[in-house]
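Here is protein_28.txt, consisting of compact mmCIF, C-alpha atoms and all ligand atoms:
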# COMPACT_ATOMS: atom_id res chain seq x y z
CA MET A 1 -86.45 47.71 -158.75
CA ALA A 2 -88.68 49.57 -156.31
CA SER A 3 -88.81 53.30 -156.81
CA LEU A 4 -87.34 55.52 -154.12
CA ILE A 5 -90.11 58.01 -154.76
CA ASP A 6 -93.54 57.31 -153.31
CA GLY A 7 -96.67 57.65 -155.43
CA SER A 8 -97.50 61.12 -154.17
CA THR A 9 -94.08 62.70 -153.62
CA ILE A 10 -94.12 66.07 -155.38
CA THR A 11 -90.99 67.45 -157.01
CA ALA A 12 -90.83 70.94 -158.47
CA SER A 13 -87.66 71.71 -160.43
CA ASN A 14 -87.03 75.33 -161.41
CA VAL A 15 -90.68 76.02 -162.10
CA SER A 16 -91.20 79.45 -163.66
CA GLN A 17 -94.35 81.05 -164.92
CA ARG A 18 -94.55 84.24 -166.93
CA PHE A 19 -97.76 85.99 -167.84
CA ARG A 20 -98.31 88.80 -170.25
CA ARG A 21 -100.73 91.31 -168.83
CA ALA A 22 -103.40 93.00 -170.96
CA ASP A 23 -101.18 96.12 -171.06
CA GLY A 24 -98.38 94.04 -172.60
CA GLN A 25 -96.20 93.94 -169.48
CA LEU A 26 -94.57 90.62 -168.54
CA VAL A 27 -95.14 89.31 -165.02
CA ASN A 28 -92.87 86.71 -163.44
CA ALA A 29 -95.53 85.00 -161.34
CA LEU A 30 -93.12 82.15 -160.43
CA ALA A 31 -89.35 82.39 -160.69
CA SER A 32 -87.40 79.15 -160.59
CA VAL A 33 -89.28 77.47 -157.74
CA SER A 34 -87.86 74.12 -156.58
CA PHE A 35 -88.89 71.83 -153.70
CA THR A 36 -89.63 68.24 -152.81
CA ILE A 37 -92.67 67.31 -150.75
CA PRO A 38 -92.61 63.72 -149.49
CA GLU A 39 -95.70 61.55 -149.48
CA GLY A 40 -98.03 62.26 -146.58
CA GLN A 41 -96.71 65.69 -145.68
CA PHE A 42 -99.14 68.53 -144.89
CA VAL A 43 -97.63 71.65 -146.41
CA CYS A 44 -99.01 75.16 -146.11
CA LEU A 45 -98.10 77.69 -148.77
CA VAL A 46 -98.03 81.22 -147.41
CA GLY A 47 -97.17 84.59 -148.91
CA PRO A 48 -98.50 88.05 -149.61
CA SER A 49 -101.27 88.61 -152.14
CA GLY A 50 -99.99 88.33 -155.71
CA CYS A 51 -96.85 86.34 -154.78
CA GLY A 52 -97.80 83.39 -157.01
CA LYS A 53 -99.54 80.95 -154.64
CA SER A 54 -102.53 80.27 -156.89
CA THR A 55 -100.31 80.08 -159.95
CA LEU A 56 -98.14 77.44 -158.25
CA LEU A 57 -101.21 75.42 -157.29
CA GLN A 58 -102.52 75.60 -160.85
CA VAL A 59 -99.20 74.33 -162.21
CA MET A 60 -99.14 71.55 -159.59
CA SER A 61 -102.68 70.49 -160.43
CA GLY A 62 -101.97 70.47 -164.18
CA LEU A 63 -104.44 73.25 -164.99
CA LEU A 64 -101.59 75.46 -166.17
CA ALA A 65 -98.44 74.45 -168.08
CA ALA A 66 -95.34 76.07 -166.55
CA THR A 67 -93.36 78.38 -168.83
CA ASP A 68 -90.17 76.67 -167.62
CA GLY A 69 -89.19 73.83 -165.33
CA THR A 70 -90.91 70.59 -164.42
CA LEU A 71 -93.40 69.38 -161.87
CA GLU A 72 -93.59 65.70 -161.03
CA VAL A 73 -95.88 63.69 -158.79
CA GLY A 74 -94.33 60.33 -158.07
CA ASN A 75 -92.20 59.78 -161.11
CA LYS A 76 -94.81 61.18 -163.46
CA ARG A 77 -94.60 64.61 -165.00
CA VAL A 78 -97.74 66.69 -164.45
CA THR A 79 -99.15 67.80 -167.81
CA GLN A 80 -102.90 67.89 -167.18
CA PRO A 81 -105.44 67.62 -164.35
CA ALA A 82 -106.05 64.10 -162.97
CA PRO A 83 -108.40 62.71 -160.32
CA GLU A 84 -105.46 61.60 -158.16
CA ARG A 85 -104.72 65.31 -157.70
CA GLY A 86 -107.79 66.87 -156.08
CA VAL A 87 -108.26 70.64 -156.05
CA VAL A 88 -110.48 72.76 -153.80
CA PHE A 89 -110.74 76.46 -154.56
CA GLN A 90 -111.86 79.29 -152.34
CA LYS A 91 -114.94 79.68 -154.47
CA ASP A 92 -117.27 76.71 -154.19
CA SER A 93 -116.36 73.89 -156.51
CA VAL A 94 -119.85 72.39 -156.37
CA PHE A 95 -122.27 71.95 -159.29
CA PRO A 96 -125.50 73.81 -158.40
CA TRP A 97 -127.59 71.59 -160.69
CA LEU A 98 -126.66 68.34 -158.91
CA ARG A 99 -127.85 67.16 -155.53
CA VAL A 100 -125.17 66.86 -152.85
CA ILE A 101 -124.67 63.11 -153.26
CA ASP A 102 -124.58 63.40 -157.06
CA ASN A 103 -121.89 66.08 -156.73
CA VAL A 104 -119.76 63.78 -154.61
CA GLU A 105 -120.34 60.90 -157.06
CA TYR A 106 -119.76 62.90 -160.23
CA GLY A 107 -116.03 62.28 -160.65
CA LEU A 108 -116.48 58.57 -159.94
CA LYS A 109 -119.28 58.44 -162.51
CA CYS A 110 -116.99 60.06 -165.10
CA ALA A 111 -114.33 57.48 -164.19
CA GLY A 112 -116.82 54.70 -164.96
CA VAL A 113 -117.25 53.41 -161.38
CA ALA A 114 -120.41 51.28 -161.09
CA LYS A 115 -123.46 52.96 -159.58
CA GLY A 116 -123.69 50.90 -156.39
CA ARG A 117 -119.98 51.26 -155.64
CA ARG A 118 -119.85 54.99 -156.27
CA ARG A 119 -122.91 55.57 -154.10
CA GLU A 120 -121.24 53.60 -151.32
CA ILE A 121 -118.06 55.70 -151.57
CA ALA A 122 -119.99 58.98 -151.71
CA GLU A 123 -122.12 58.04 -148.70
CA HIS A 124 -119.00 57.08 -146.78
CA TYR A 125 -117.31 60.45 -147.30
CA LEU A 126 -120.51 62.43 -146.75
CA GLU A 127 -120.81 60.65 -143.43
CA ARG A 128 -117.14 61.43 -142.63
CA VAL A 129 -117.69 65.16 -143.21
CA GLY A 130 -120.95 65.14 -141.23
CA LEU A 131 -123.38 65.66 -144.12
CA SER A 132 -125.31 62.37 -144.32
CA HIS A 133 -128.50 64.20 -143.36
CA VAL A 134 -128.37 66.49 -146.42
CA SER A 135 -127.19 64.02 -149.05
CA ARG A 136 -130.38 64.54 -151.13
CA ALA A 137 -130.36 68.35 -150.73
CA TRP A 138 -129.52 70.87 -153.45
CA PRO A 139 -126.36 72.96 -152.98
CA ARG A 140 -128.46 76.16 -152.74
CA GLU A 141 -129.96 74.83 -149.50
CA LEU A 142 -126.53 74.57 -147.85
CA SER A 143 -124.44 77.10 -145.92
CA GLY A 144 -120.96 78.12 -147.09
CA GLY A 145 -119.36 75.79 -144.54
CA MET A 146 -121.50 72.86 -145.67
CA LEU A 147 -120.57 73.49 -149.30
CA LYS A 148 -116.91 73.29 -148.30
CA ARG A 149 -117.63 69.96 -146.63
CA VAL A 150 -119.16 68.77 -149.91
CA ALA A 151 -116.04 69.89 -151.79
CA ILE A 152 -113.80 68.03 -149.31
CA ALA A 153 -115.93 64.87 -149.46
CA THR A 154 -115.73 65.06 -153.26
CA VAL A 155 -111.92 65.22 -153.53
CA PHE A 156 -111.55 62.35 -151.06
CA ALA A 157 -114.24 60.28 -152.83
CA ASN A 158 -112.46 60.80 -156.15
CA GLY A 159 -109.49 58.95 -154.68
CA ALA A 160 -107.06 61.87 -154.70
CA ASN A 161 -103.72 61.06 -153.10
CA VAL A 162 -102.58 64.68 -153.44
CA LEU A 163 -104.93 67.40 -152.26
CA MET A 164 -104.43 71.02 -153.23
CA LEU A 165 -106.55 73.60 -151.52
CA ASP A 166 -106.40 77.29 -152.44
CA GLU A 167 -107.51 79.39 -149.46
CA PRO A 168 -110.45 77.01 -149.05
CA PHE A 169 -111.72 78.36 -145.75
CA GLY A 170 -110.85 82.03 -146.27
CA ALA A 171 -114.43 83.22 -146.59
CA LEU A 172 -115.75 81.30 -143.57
CA ASP A 173 -116.34 82.52 -140.01
CA TYR A 174 -113.84 81.53 -137.33
CA VAL A 175 -115.82 78.68 -135.76
CA THR A 176 -116.76 77.12 -139.10
CA ARG A 177 -113.15 77.42 -140.26
CA ARG A 178 -111.89 75.64 -137.14
CA GLN A 179 -114.46 72.86 -137.60
CA LEU A 180 -113.43 72.38 -141.22
CA GLN A 181 -109.75 72.32 -140.29
CA GLU A 182 -110.60 69.44 -137.94
CA VAL A 183 -112.55 67.61 -140.65
CA LEU A 184 -109.65 67.95 -143.06
CA LEU A 185 -107.03 66.87 -140.50
CA THR A 186 -109.10 63.84 -139.50
CA LEU A 187 -109.44 62.67 -143.10
CA TRP A 188 -105.78 63.42 -143.81
CA GLY A 189 -104.89 61.22 -140.80
CA GLU A 190 -106.44 58.20 -142.51
CA THR A 191 -104.56 56.26 -145.15
CA THR A 192 -105.92 55.53 -148.62
CA GLY A 193 -107.23 52.10 -149.57
CA SER A 194 -103.74 51.17 -150.72
CA GLY A 195 -102.20 52.20 -147.39
CA HIS A 196 -100.69 55.53 -148.51
CA ARG A 197 -100.79 58.84 -146.67
CA ARG A 198 -102.23 61.71 -148.67
CA THR A 199 -100.07 64.71 -149.40
CA VAL A 200 -101.71 68.09 -148.83
CA ILE A 201 -100.76 71.53 -150.18
CA PHE A 202 -102.89 74.14 -148.48
CA VAL A 203 -102.68 77.80 -149.49
CA THR A 204 -103.53 80.27 -146.77
CA HIS A 205 -102.65 83.80 -145.80
CA ASP A 206 -103.75 83.07 -142.24
CA VAL A 207 -100.56 82.45 -140.27
CA ASP A 208 -102.34 80.80 -137.32
CA GLU A 209 -104.14 78.44 -139.70
CA ALA A 210 -100.80 77.47 -141.26
CA LEU A 211 -99.27 76.76 -137.86
CA LEU A 212 -102.27 74.72 -136.69
CA LEU A 213 -102.31 72.57 -139.83
CA ALA A 214 -98.86 72.23 -141.32
CA ASP A 215 -95.89 69.92 -140.95
CA ARG A 216 -94.06 72.45 -143.02
CA VAL A 217 -94.66 75.99 -144.30
CA LEU A 218 -93.31 77.14 -147.66
CA VAL A 219 -93.15 80.91 -148.10
CA LEU A 220 -93.44 82.57 -151.52
CA ARG A 221 -92.61 86.20 -152.15
CA GLY A 222 -92.59 87.81 -155.57
CA GLY A 223 -92.72 84.39 -157.23
CA ARG A 224 -89.70 83.07 -155.34
CA LEU A 225 -89.54 80.47 -152.61
CA VAL A 226 -87.96 82.44 -149.76
CA ASP A 227 -88.42 80.20 -146.72
CA ASP A 228 -89.13 76.60 -145.78
CA LEU A 229 -90.09 76.18 -142.11
CA ALA A 230 -90.61 72.86 -140.33
CA VAL A 231 -93.50 72.90 -137.83
CA ALA A 232 -92.64 70.18 -135.36
CA ALA A 233 -95.30 70.91 -132.70
CA PRO A 234 -97.09 67.69 -131.72
CA ARG A 235 -100.63 66.92 -132.90
CA PRO A 236 -103.44 67.33 -132.19
CA ARG A 237 -102.88 71.07 -131.97
CA ASN A 238 -105.25 73.66 -130.59
CA THR A 239 -105.13 77.40 -129.95
CA ASP A 240 -102.92 76.77 -126.89
CA SER A 241 -100.35 75.17 -129.22
CA LEU A 242 -99.94 78.59 -130.80
CA LEU A 243 -98.49 79.82 -127.49
CA ARG A 244 -95.57 77.38 -127.65
CA ALA A 245 -92.25 79.22 -127.95
CA ASP A 246 -91.38 77.55 -131.26
CA LEU A 247 -94.72 78.44 -132.83
CA VAL A 248 -94.57 82.03 -131.53
CA GLN A 249 -91.16 82.30 -133.15
CA ALA A 250 -92.47 80.79 -136.38
CA LYS A 251 -95.42 83.19 -136.32
CA HIS A 252 -93.07 86.19 -136.08
CA THR A 253 -91.04 84.84 -138.98
CA LEU A 254 -94.15 84.37 -141.12
CA LEU A 255 -95.62 87.77 -140.23
CA ASN A 256 -92.30 89.28 -141.15
CA HIS A 257 -92.47 87.56 -144.54
CA LEU A 258 -95.96 88.95 -145.01
CA GLY A 259 -94.61 92.42 -144.33
CA LEU A 260 -96.53 92.85 -141.09
CA GLU A 261 -93.65 92.92 -138.63
CA ARG A 262 -90.08 93.96 -138.60
CA SER A 263 -87.73 91.11 -137.88
CA HIS A 264 -87.59 90.10 -134.18
CA ALA A 265 -84.05 90.12 -132.91
N1 LIG B 301 -103.77 84.73 -166.11
C1 LIG B 301 -102.98 85.74 -165.72
N2 LIG B 301 -102.60 86.71 -166.58
C2 LIG B 301 -101.77 87.70 -166.20
N3 LIG B 301 -101.26 87.83 -164.96
C3 LIG B 301 -101.61 86.90 -164.04
C4 LIG B 301 -102.49 85.81 -164.37
N4 LIG B 301 -102.64 85.04 -163.27
C5 LIG B 301 -101.90 85.61 -162.30
N5 LIG B 301 -101.29 86.72 -162.76
C6 LIG B 301 -100.37 87.57 -162.00
O1 LIG B 301 -99.38 86.72 -161.43
C7 LIG B 301 -99.07 87.12 -160.12
C8 LIG B 301 -99.34 86.00 -159.14
O2 LIG B 301 -100.74 85.79 -159.06
P1 LIG B 301 -101.39 84.68 -158.11
O3 LIG B 301 -100.72 83.39 -158.34
O4 LIG B 301 -102.87 84.74 -158.32
O5 LIG B 301 -101.02 85.22 -156.65
P2 LIG B 301 -101.60 84.82 -155.20
O6 LIG B 301 -102.47 83.62 -155.36
O7 LIG B 301 -100.40 84.59 -154.37
O8 LIG B 301 -102.36 86.01 -154.70
C9 LIG B 301 -99.87 88.39 -159.86
O9 LIG B 301 -99.07 89.51 -160.19
C10 LIG B 301 -101.03 88.26 -160.82
O10 LIG B 301 -101.52 89.54 -161.19
MG MG B 302 -104.48 83.28 -154.88

Write the structure described by the file as structure tokens, please.
Ligand SMILES: Nc1ncnc2c1ncn2[C@@H]1O[C@H](COP(=O)(O)OP(=O)(O)O)[C@@H](O)[C@H]1O
Ligand SMILES: [Mg+2]
Amino acid sequence: MASLIDGSTITASNVSQRFRRADGQLVNALASVSFTIPEGQFVCLVGPSGCGKSTLLQVMSGLLAATDGTLEVGNKRVTQPAPERGVVFQKDSVFPWLRVIDNVEYGLKCAGVAKGRRREIAEHYLERVGLSHVSRAWPRELSGGMLKRVAIATVFANGANVLMLDEPFGALDYVTRRQLQEVLLTLWGETTGSGHRRTVIFVTHDVDEALLLADRVLVLRGGRLVDDLAVAAPRPRNTDSLLRADLVQAKHTLLNHLGLERSHA
């Protein structure tokens, strides 16, 4: 019987994460977080610093085992990292000792993909992110924005059907950030080889970025999921989209969650 759950539907059920700090104090980084993200959705995860965003992403990627609760992708419980779940961190996830193309190919090489085929895939995604001209360069020769493009090309080349990005563009200037948002949205708009839409979880504390990118914004505060906003504005969106009444309203709601505004009556 066909499963009702697509290959990249994400289901979190009462996920909790406790840490013990060096001073012995217990921290509830995540407290009974539950949600379902259907295949193909672009979700932004927003919340004040220390609210548990990175912890949630680490649990979702399999880098961290939750203290309680379960996390499933498709029907499979997440217990360890896997190439079908690609992660991009704020800090560059690029190996400095490998040329750009070898970075993009690395995961495929580890997965045993034949040389010719993996080169073809890497070249394809480098072209898609606009980096064909530096494929033989060393990472140290690239700007911060270009390194992010390498990281994006790499997760797509590895065949990820779920992408998790933790404040990936936070350290970039405004123009570079907007260009990278476009690159990511364009690639997200394309289906995988098997015809599936990729699911994206994108952590940001930039409210405008969330509203430009997301189908849906999940808000975490103090380790709890406190809001779940649908962003129905049509795509493609641009800065004018942010002036739409629904997005202005959503922006006030999100700023309020971040503690920047009192609630708008
Ligand atoms: N490895 C750890 N050991 C102890 N405390 C941690 C650890 N990782 C995160 N924390 C704590 O958990 C809470 C959530 O952290 P984090 O997920 O990094 O928040 P965010 O990404 O939203 O800024 C914070 O109070 C942080 O200090
Ligand atoms: Mg974080």

Collect all residues with atoms no farther than 9 Å from ligand MG 302 (chain B), counting all atoms listed in the file, and output them as a PyMOL selection string. chain A and resi 49-55+57+90+166-167+203-204

**Asked** Counting all atoms listed in the file, what is within 8 Å of A:Val155, bar same-chain residues fewer than 3 positions away, as number ranges by chain?
**Response** A: 86-88, 151-152, 158-160, 163

Exercise. Check the smallest atom-to-atom distance from each of A:Thr79, A:Thr11, A:Thr239, A:Ser16 to ligand LIG 301 (chain B) using all atoms listed in the file, then report the winner.
Key: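 Nearest to ligand LIG 301 (chain B): A:Ser16.
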
* Asked: Which residues come within 12 Å of A:Pro234, counting all atoms listed in the file, excluding same-chain residues fewer than 5 positions away, as a list in words?
  -> Leu211, Leu212, Leu213, Ala214, Asp215, Asp240, Ser241, Leu242, Arg244, Asp246 and Leu247 of chain A

Using only C-alpha atoms, the best pick from A:Leu56, A:Val15, A:Val33, A:Met146 as closest to A:Leu225 would be A:Val33

Mind giving me the straight-line distance from atom CA of A:Ala22 to atom C3 of ligand LIG 301 (chain B) in Å, one decimal?
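Separating atom CA of A:Ala22 from atom C3 of ligand LIG 301 (chain B) is a distance of 9.4 Å.
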
- request: Give as a PyMOL selection string the set of residues within 12 Å of the point (-121.6, 68.0, -144.6), where distances use the file's coordinates and all atoms listed in the file.
  value: chain A and resi 100-101+104+122-137+139+141-154+176+179-180+183

### Task
Using atom CA of A:Ala82 and atom CA of A:Asn14 as the two end points, give the distance in Å to one decimal.
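Interatomic distance, atom CA of A:Ala82 to atom CA of A:Asn14: 22.1 Å.
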
Atom CA of A:Cys44 sits from atom CA of A:Leu260 at a separation of 18.6 Å

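Remark: for ligand LIG 301 (chain B), the closest of the candidate residues A:Leu45, A:Leu243, A:Val231, A:Val248 is A:Leu45 (distances computed over only C-alpha atoms and all ligand atoms).
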
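For stretch 193-199 of chain A, the set of protein, DNA and RNA residues having any atom at most 10 Å away, when counting all atoms listed in the file and skipping those fewer than 6 positions along the same chain, is Asp6, Gly7, Ser8, Thr9, Ile10, Ile37, Pro38, Glu39, Gly40, Gln41, Phe42, Val43, Arg85, Phe156, Gly159, Ala160, Asn161, Val162, Leu163, Met164 and Leu187 of chain A.
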
I want to know what sits within 8 Å of A:Asp206, based on all atoms listed in the file, with residues of the same chain fewer than 3 positions away left out; could you give that as a PDB file with C-alpha atoms, keeping the file's coordinate frame?
ATOM      1  CA  VAL A  46     -98.030  81.220-147.410  1.00  0.00           C
ATOM      2  CA  GLU A 209    -104.140  78.440-139.700  1.00  0.00           C
ATOM      3  CA  ALA A 210    -100.800  77.470-141.260  1.00  0.00           C
TER       4      ALA A 210
END

query = Of the candidates A:Leu165, A:Ala111, A:Val94, A:Val78, which one gets nearest to ligand LIG 301 (chain B) if we count only C-alpha atoms and all ligand atoms?
reply =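 Looking only at the distances to ligand LIG 301 (chain B), the closest residue turns out to be A:Leu165.
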
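Considering the residues A:Gln25, A:Ser13, A:Gln80, A:Asn75 and counting all atoms listed in the file, ligand LIG 301 (chain B) has its shortest atom-to-atom contact with A:Gln25.
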
**Prompt:** Restricting the calculation to all atoms listed in the file, which member of A:Val226, A:Val175, A:Val59, A:Pro168 is positioned closest to A:Val73?
**Reply:**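 Under the stated criterion, the closest residue is A:Val59.
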
_Counting only C-alpha atoms, which residues have an atom no more than 12 Å from (-90.6, 77.5, -172.6) in the file's coordinates? Please list them as a list in words._
Asn14, Val15, Ser16, Gln17, Arg18, Ala65, Ala66, Thr67, Asp68, Gly69 and Thr70 of chain A
